$ cat structure_25.cif   # mmCIF, C-alpha atoms and all ligand atoms
data_model
#
loop_
_atom_site.label_atom_id
_atom_site.label_comp_id
_atom_site.auth_asym_id
_atom_site.auth_seq_id
_atom_site.Cartn_x
_atom_site.Cartn_y
_atom_site.Cartn_z
CA VAL A 1131 -38.18 -8.07 -91.83
CA SER A 1132 -35.51 -5.35 -91.79
CA ILE A 1133 -32.43 -5.44 -89.56
CA GLU A 1134 -33.82 -2.45 -87.66
CA GLU A 1135 -37.07 -4.33 -86.98
CA LYS A 1136 -35.14 -7.40 -85.81
CA LEU A 1137 -33.01 -5.28 -83.48
CA GLY A 1138 -36.18 -3.61 -82.22
CA VAL A 1139 -37.53 -6.82 -80.66
CA ASN A 1140 -34.55 -7.06 -78.31
CA LYS A 1141 -34.89 -5.62 -74.84
CA TYR A 1142 -32.25 -3.20 -73.61
CA PHE A 1143 -31.79 -2.69 -69.88
CA VAL A 1144 -29.66 0.44 -69.91
CA ASP A 1145 -27.41 1.10 -66.93
CA GLU A 1146 -27.93 4.87 -66.95
CA GLY A 1147 -24.86 6.79 -65.89
CA ASN A 1148 -22.60 3.73 -65.98
CA ALA A 1149 -21.39 3.26 -69.54
CA HIS A 1150 -19.92 -0.20 -70.08
CA ILE A 1151 -18.00 1.13 -73.10
CA GLU A 1152 -16.12 4.42 -73.17
CA ILE A 1153 -14.44 5.99 -76.17
CA ASP A 1154 -12.16 8.85 -77.17
CA PRO A 1155 -14.51 10.68 -79.60
CA ASN A 1156 -11.70 12.91 -80.89
CA TYR A 1157 -9.20 10.18 -81.69
CA PRO A 1158 -7.18 11.61 -84.61
CA ASP A 1159 -7.03 8.58 -86.95
CA MET A 1160 -10.00 8.67 -89.34
CA LYS A 1161 -9.42 5.08 -90.54
CA GLU A 1162 -9.75 3.86 -86.99
CA LYS A 1163 -13.01 5.77 -86.54
CA MET A 1164 -14.44 4.42 -89.79
CA LYS A 1165 -13.76 0.85 -88.67
CA LEU A 1166 -16.25 1.39 -85.85
CA VAL A 1167 -18.79 3.24 -87.98
CA ASN A 1168 -18.78 0.41 -90.51
CA ALA A 1169 -18.47 -2.61 -88.23
CA CYS A 1170 -20.84 -2.08 -85.29
CA PRO A 1171 -23.92 -4.21 -86.04
CA GLY A 1172 -26.06 -1.89 -83.96
CA GLY A 1173 -24.95 1.19 -85.91
CA LEU A 1174 -24.02 2.90 -82.65
CA TYR A 1175 -20.96 4.78 -83.90
CA LYS A 1176 -21.66 7.87 -86.03
CA LEU A 1177 -19.22 10.26 -87.63
CA ASN A 1178 -20.09 13.91 -86.97
CA GLU A 1179 -19.55 16.67 -89.50
CA ASN A 1180 -16.56 17.96 -87.53
CA GLY A 1181 -14.89 14.55 -87.72
CA SER A 1182 -15.55 13.52 -84.13
CA LEU A 1183 -17.32 10.30 -83.22
CA SER A 1184 -20.69 9.96 -81.51
CA PHE A 1185 -21.46 6.79 -79.61
CA ASP A 1186 -24.48 5.56 -77.66
CA TYR A 1187 -23.90 2.45 -75.54
CA ALA A 1188 -27.63 2.04 -74.87
CA GLY A 1189 -28.25 -0.15 -77.94
CA CYS A 1190 -25.15 -2.28 -77.57
CA LEU A 1191 -25.50 -5.94 -78.59
CA GLU A 1192 -22.39 -6.91 -76.59
CA CYS A 1193 -20.86 -8.57 -79.65
CA GLY A 1194 -17.32 -7.41 -78.87
CA THR A 1195 -16.51 -6.29 -82.42
CA CYS A 1196 -15.47 -2.78 -81.41
CA ARG A 1197 -13.35 -4.21 -78.62
CA ILE A 1198 -11.42 -6.42 -81.05
CA LEU A 1199 -11.00 -3.60 -83.56
CA CYS A 1200 -10.12 -0.60 -81.42
CA LEU A 1201 -9.36 -1.48 -77.79
CA GLY A 1202 -6.32 0.61 -76.91
CA THR A 1203 -7.02 3.26 -79.53
CA ILE A 1204 -10.54 4.71 -79.61
CA ILE A 1205 -12.02 2.25 -77.11
CA LYS A 1206 -10.84 3.27 -73.65
CA LYS A 1207 -13.02 0.87 -71.67
CA TRP A 1208 -14.97 -2.23 -72.69
CA GLU A 1209 -16.78 -4.32 -70.09
CA PHE A 1210 -19.97 -6.32 -70.09
CA PRO A 1211 -22.85 -4.47 -68.41
CA GLU A 1212 -23.26 -5.29 -64.75
CA GLY A 1213 -25.70 -7.88 -63.39
CA THR A 1214 -28.99 -7.97 -65.20
CA MET A 1215 -28.25 -4.91 -67.30
CA GLY A 1216 -27.61 -4.88 -71.04
CA VAL A 1217 -29.25 -6.53 -74.00
CA GLU A 1218 -31.75 -9.38 -73.78
CA PHE A 1219 -32.11 -11.14 -77.12
CA ARG A 1220 -35.45 -12.42 -78.26
CA HIS A 1221 -35.07 -15.67 -80.15
CA GLY A 1222 -37.53 -17.08 -82.66
FE1 LIG B 1301 -21.44 -2.17 -81.36
FE2 LIG B 1301 -20.81 -4.70 -80.74
FE3 LIG B 1301 -19.30 -2.67 -79.85
FE4 LIG B 1301 -21.74 -3.06 -78.84
S1 LIG B 1301 -19.97 -4.45 -78.66
S2 LIG B 1301 -20.89 -1.08 -79.47
S3 LIG B 1301 -22.88 -3.76 -80.67
S4 LIG B 1301 -19.58 -3.28 -82.00
#
$ encode --input "structure_25.cif" --output "C-alpha cells"
Amino acid sequence: VSIEEKLGVNKYFVDEGNAHIEIDPNYPDMKEKMKLVNACPGGLYKLNENGSLSFDYAGCLECGTCRILCLGTIIKKWEFPEGTMGVEFRHG
C-alpha cells in the first residue's frame, strides 16, 4: 500500500474559509521554504516555478512539523482546527 493510499483512507473535515494554518508564500529564504516542501508528511507545501510557495491546509494531518520548523518565519498562524473539524485518522 502506498503512502498516498494510506493517507486516502483518512477523513478530512475541512473548515472552509477558516484556515487553521496561514503562511507567507513569498517569504524570501529558499532554505526555509524547502524545509516545508521536504518535511510535510502530507506533501501540502509545493514550490512554484516563480519561487513562491503553495499550501493547501485541507489535507493537514495536524502533526505540527511545519509549526516546529517555521513558526515565526513562513508560518504566520498555526492552530488546531476548531471543534470537530480537521483530520480523522482511520486505524487498522
Ligand atoms: Fe503538513 Fe504536518 Fe504542517 Fe499539517 S501540521 S501542514 S501535515 S507539516
$ residues_around --input "structure_25.cif" --residues "range 1131-1133 of chain A" --least-positions-apart "3" --cutoff "10 Å" --atoms "only C-alpha atoms" --output "list in words"
Lys1136, Leu1137, Gly1138, Pro1171 and Gly1172 of chain A
$ residues_near_ligand --input "structure_25.cif" --ligand "ligand LIG 1301 (chain B)" --cutoff "7 Å" --atoms "all atoms listed in the file" --output "number ranges by chain"
A: 1166, 1169-1174, 1187, 1190-1197
$ atom_distance --input "structure_25.cif" --atom1 "CA of Gly1216 in chain A" --atom2 "CA of Glu1162 in chain A"
25.5 Å
$ closest_residue --input "structure_25.cif" --among "A:Lys1176, A:His1150, A:Lys1163, A:Lys1141" --to "Glu1212 in chain A" --atoms "all atoms listed in the file"
A:His1150
$ residues_near_point --input "structure_25.cif" --point "(-13.4, 13.0, -82.3)" --cutoff "7 Å" --atoms "all atoms listed in the file" --output "number ranges by chain"
A: 1154-1158, 1181-1183
$ write_last_selection --input "structure_25.cif" --atoms "C-alpha atoms" --output "short mmCIF file (atom, residue, chain, number, x, y, z; two decimals), keeping the file's coordinate frame"
data_model
loop_
_atom_site.label_atom_id
_atom_site.label_comp_id
_atom_site.auth_asym_id
_atom_site.auth_seq_id
_atom_site.Cartn_x
_atom_site.Cartn_y
_atom_site.Cartn_z
CA ASP A 1154 -12.16 8.85 -77.17
CA PRO A 1155 -14.51 10.68 -79.60
CA ASN A 1156 -11.70 12.91 -80.89
CA TYR A 1157 -9.20 10.18 -81.69
CA PRO A 1158 -7.18 11.61 -84.61
CA GLY A 1181 -14.89 14.55 -87.72
CA SER A 1182 -15.55 13.52 -84.13
CA LEU A 1183 -17.32 10.30 -83.22
#
$ axis_aligned_box --input "structure_25.cif" --around "range 1159-1163 of chain A" --padding-each-side "5 Å" --output "lines of an AutoDock Vina configuration file"
center_x = -10.0
center_y = 6.3
center_z = -88.5
size_x = 16.0
size_y = 14.8
size_z = 14.0
$ atom_distance --input "structure_25.cif" --atom1 "CA of Ala1188 in chain A" --atom2 "CA of Ile1204 in chain A"
17.9 Å
$ atom_distance --input "structure_25.cif" --atom1 "CA of Phe1185 in chain A" --atom2 "CA of Phe1219 in chain A"
21.0 Å
$ residues_near_point --input "structure_25.cif" --point "(-25.7, -5.0, -62.8)" --cutoff "12 Å" --atoms "all atoms listed in the file" --output "JSON list (two decimals) with C-alpha atoms, in the frame of the given file"
[["chain", "number", "residue", "atom", "x", "y", "z"],
["A", 1143, "PHE", "CA", -31.79, -2.69, -69.88],
["A", 1144, "VAL", "CA", -29.66, 0.44, -69.91],
["A", 1145, "ASP", "CA", -27.41, 1.10, -66.93],
["A", 1146, "GLU", "CA", -27.93, 4.87, -66.95],
["A", 1148, "ASN", "CA", -22.60, 3.73, -65.98],
["A", 1149, "ALA", "CA", -21.39, 3.26, -69.54],
["A", 1150, "HIS", "CA", -19.92, -0.20, -70.08],
["A", 1209, "GLU", "CA", -16.78, -4.32, -70.09],
["A", 1210, "PHE", "CA", -19.97, -6.32, -70.09],
["A", 1211, "PRO", "CA", -22.85, -4.47, -68.41],
["A", 1212, "GLU", "CA", -23.26, -5.29, -64.75],
["A", 1213, "GLY", "CA", -25.70, -7.88, -63.39],
["A", 1214, "THR", "CA", -28.99, -7.97, -65.20],
["A", 1215, "MET", "CA", -28.25, -4.91, -67.30],
["A", 1216, "GLY", "CA", -27.61, -4.88, -71.04],
["A", 1217, "VAL", "CA", -29.25, -6.53, -74.00]]
$ closest_residue --input "structure_25.cif" --among "A:Lys1165, A:Leu1199, A:Ser1184, A:Arg1220" --to "Val1139 in chain A" --atoms "only C-alpha atoms"
A:Arg1220
$ closest_residue --input "structure_25.cif" --among "A:Glu1179, A:Asn1140, A:Glu1135, A:Ile1151" --to "Ile1205 in chain A" --atoms "all atoms listed in the file"
A:Ile1151
$ closest_residue --input "structure_25.cif" --among "A:Glu1134, A:Glu1218, A:Asp1186, A:Glu1152" --to "Thr1203 in chain A" --atoms "only C-alpha atoms"
A:Glu1152
$ decode --input "structure_25.cif" --residues "range 1179-1190 of chain A" --atoms "all heavy atoms" --output "mmCIF file, in the first residue's frame"
data_model
loop_
_atom_site.group_PDB
_atom_site.id
_atom_site.type_symbol
_atom_site.label_atom_id
_atom_site.label_comp_id
_atom_site.auth_asym_id
_atom_site.auth_seq_id
_atom_site.Cartn_x
_atom_site.Cartn_y
_atom_site.Cartn_z
ATOM 1 N N GLU A 1179 7.049 27.646 -9.794
ATOM 2 C CA GLU A 1179 8.155 27.997 -10.697
ATOM 3 C C GLU A 1179 8.734 29.367 -10.393
ATOM 4 O O GLU A 1179 9.918 29.607 -10.584
ATOM 5 C CB GLU A 1179 7.686 27.945 -12.162
ATOM 6 C CG GLU A 1179 7.656 26.537 -12.703
ATOM 7 C CD GLU A 1179 7.402 26.497 -14.194
ATOM 8 O OE1 GLU A 1179 7.523 27.551 -14.849
ATOM 9 O OE2 GLU A 1179 7.083 25.401 -14.690
ATOM 10 N N ASN A 1180 7.904 30.280 -9.911
ATOM 11 C CA ASN A 1180 8.398 31.634 -9.601
ATOM 12 C C ASN A 1180 9.030 31.727 -8.213
ATOM 13 O O ASN A 1180 9.387 32.818 -7.775
ATOM 14 C CB ASN A 1180 7.267 32.655 -9.750
ATOM 15 C CG ASN A 1180 6.175 32.492 -8.699
ATOM 16 O OD1 ASN A 1180 6.277 31.643 -7.805
ATOM 17 N ND2 ASN A 1180 5.137 33.282 -8.794
ATOM 18 N N GLY A 1181 9.156 30.600 -7.535
ATOM 19 C CA GLY A 1181 9.826 30.586 -6.234
ATOM 20 C C GLY A 1181 8.908 30.793 -5.050
ATOM 21 O O GLY A 1181 9.335 30.699 -3.903
ATOM 22 N N SER A 1182 7.631 31.071 -5.313
ATOM 23 C CA SER A 1182 6.688 31.224 -4.197
ATOM 24 C C SER A 1182 6.219 29.840 -3.738
ATOM 25 O O SER A 1182 6.467 28.830 -4.395
ATOM 26 C CB SER A 1182 5.499 32.084 -4.615
ATOM 27 O OG SER A 1182 4.726 31.397 -5.570
ATOM 28 N N LEU A 1183 5.549 29.832 -2.621
ATOM 29 C CA LEU A 1183 5.097 28.579 -2.019
ATOM 30 C C LEU A 1183 3.580 28.458 -2.144
ATOM 31 O O LEU A 1183 2.858 29.423 -1.896
ATOM 32 C CB LEU A 1183 5.501 28.611 -0.549
ATOM 33 C CG LEU A 1183 5.827 27.341 0.208
ATOM 34 C CD1 LEU A 1183 6.866 26.498 -0.523
ATOM 35 C CD2 LEU A 1183 6.313 27.698 1.601
ATOM 36 N N SER A 1184 3.115 27.278 -2.533
ATOM 37 C CA SER A 1184 1.680 26.994 -2.490
ATOM 38 C C SER A 1184 1.410 26.099 -1.292
ATOM 39 O O SER A 1184 2.215 25.236 -0.971
ATOM 40 C CB SER A 1184 1.220 26.258 -3.750
ATOM 41 O OG SER A 1184 1.281 27.104 -4.852
ATOM 42 N N PHE A 1185 0.281 26.291 -0.676
ATOM 43 C CA PHE A 1185 -0.056 25.490 0.502
ATOM 44 C C PHE A 1185 -1.561 25.269 0.544
ATOM 45 O O PHE A 1185 -2.333 26.184 0.285
ATOM 46 C CB PHE A 1185 0.382 26.216 1.783
ATOM 47 C CG PHE A 1185 -0.097 25.572 3.038
ATOM 48 C CD1 PHE A 1185 0.322 24.300 3.374
ATOM 49 C CD2 PHE A 1185 -0.986 26.228 3.878
ATOM 50 C CE1 PHE A 1185 -0.132 23.679 4.534
ATOM 51 C CE2 PHE A 1185 -1.445 25.620 5.040
ATOM 52 C CZ PHE A 1185 -1.004 24.350 5.367
ATOM 53 N N ASP A 1186 -1.959 24.033 0.873
ATOM 54 C CA ASP A 1186 -3.381 23.706 0.994
ATOM 55 C C ASP A 1186 -3.606 23.045 2.352
ATOM 56 O O ASP A 1186 -3.167 21.916 2.567
ATOM 57 C CB ASP A 1186 -3.795 22.763 -0.133
ATOM 58 C CG ASP A 1186 -5.268 22.440 -0.077
ATOM 59 O OD1 ASP A 1186 -5.982 23.011 0.781
ATOM 60 O OD2 ASP A 1186 -5.712 21.613 -0.880
ATOM 61 N N TYR A 1187 -4.259 23.751 3.253
ATOM 62 C CA TYR A 1187 -4.451 23.216 4.609
ATOM 63 C C TYR A 1187 -5.459 22.071 4.668
ATOM 64 O O TYR A 1187 -5.571 21.388 5.693
ATOM 65 C CB TYR A 1187 -4.872 24.340 5.578
ATOM 66 C CG TYR A 1187 -6.257 24.908 5.330
ATOM 67 C CD1 TYR A 1187 -7.370 24.426 6.021
ATOM 68 C CD2 TYR A 1187 -6.450 25.939 4.426
ATOM 69 C CE1 TYR A 1187 -8.623 24.934 5.809
ATOM 70 C CE2 TYR A 1187 -7.710 26.464 4.199
ATOM 71 C CZ TYR A 1187 -8.799 25.948 4.893
ATOM 72 O OH TYR A 1187 -10.046 26.464 4.673
ATOM 73 N N ALA A 1188 -6.186 21.838 3.569
ATOM 74 C CA ALA A 1188 -7.277 20.864 3.600
ATOM 75 C C ALA A 1188 -6.813 19.446 3.923
ATOM 76 O O ALA A 1188 -7.561 18.671 4.504
ATOM 77 C CB ALA A 1188 -8.018 20.878 2.267
ATOM 78 N N GLY A 1189 -5.604 19.074 3.546
ATOM 79 C CA GLY A 1189 -5.129 17.705 3.798
ATOM 80 C C GLY A 1189 -4.209 17.595 4.990
ATOM 81 O O GLY A 1189 -3.484 16.614 5.138
ATOM 82 N N CYS A 1190 -4.267 18.572 5.867
ATOM 83 C CA CYS A 1190 -3.333 18.620 7.001
ATOM 84 C C CYS A 1190 -3.566 17.464 7.967
ATOM 85 O O CYS A 1190 -4.697 17.144 8.328
ATOM 86 C CB CYS A 1190 -3.489 19.948 7.736
ATOM 87 S SG CYS A 1190 -2.379 20.107 9.145
#
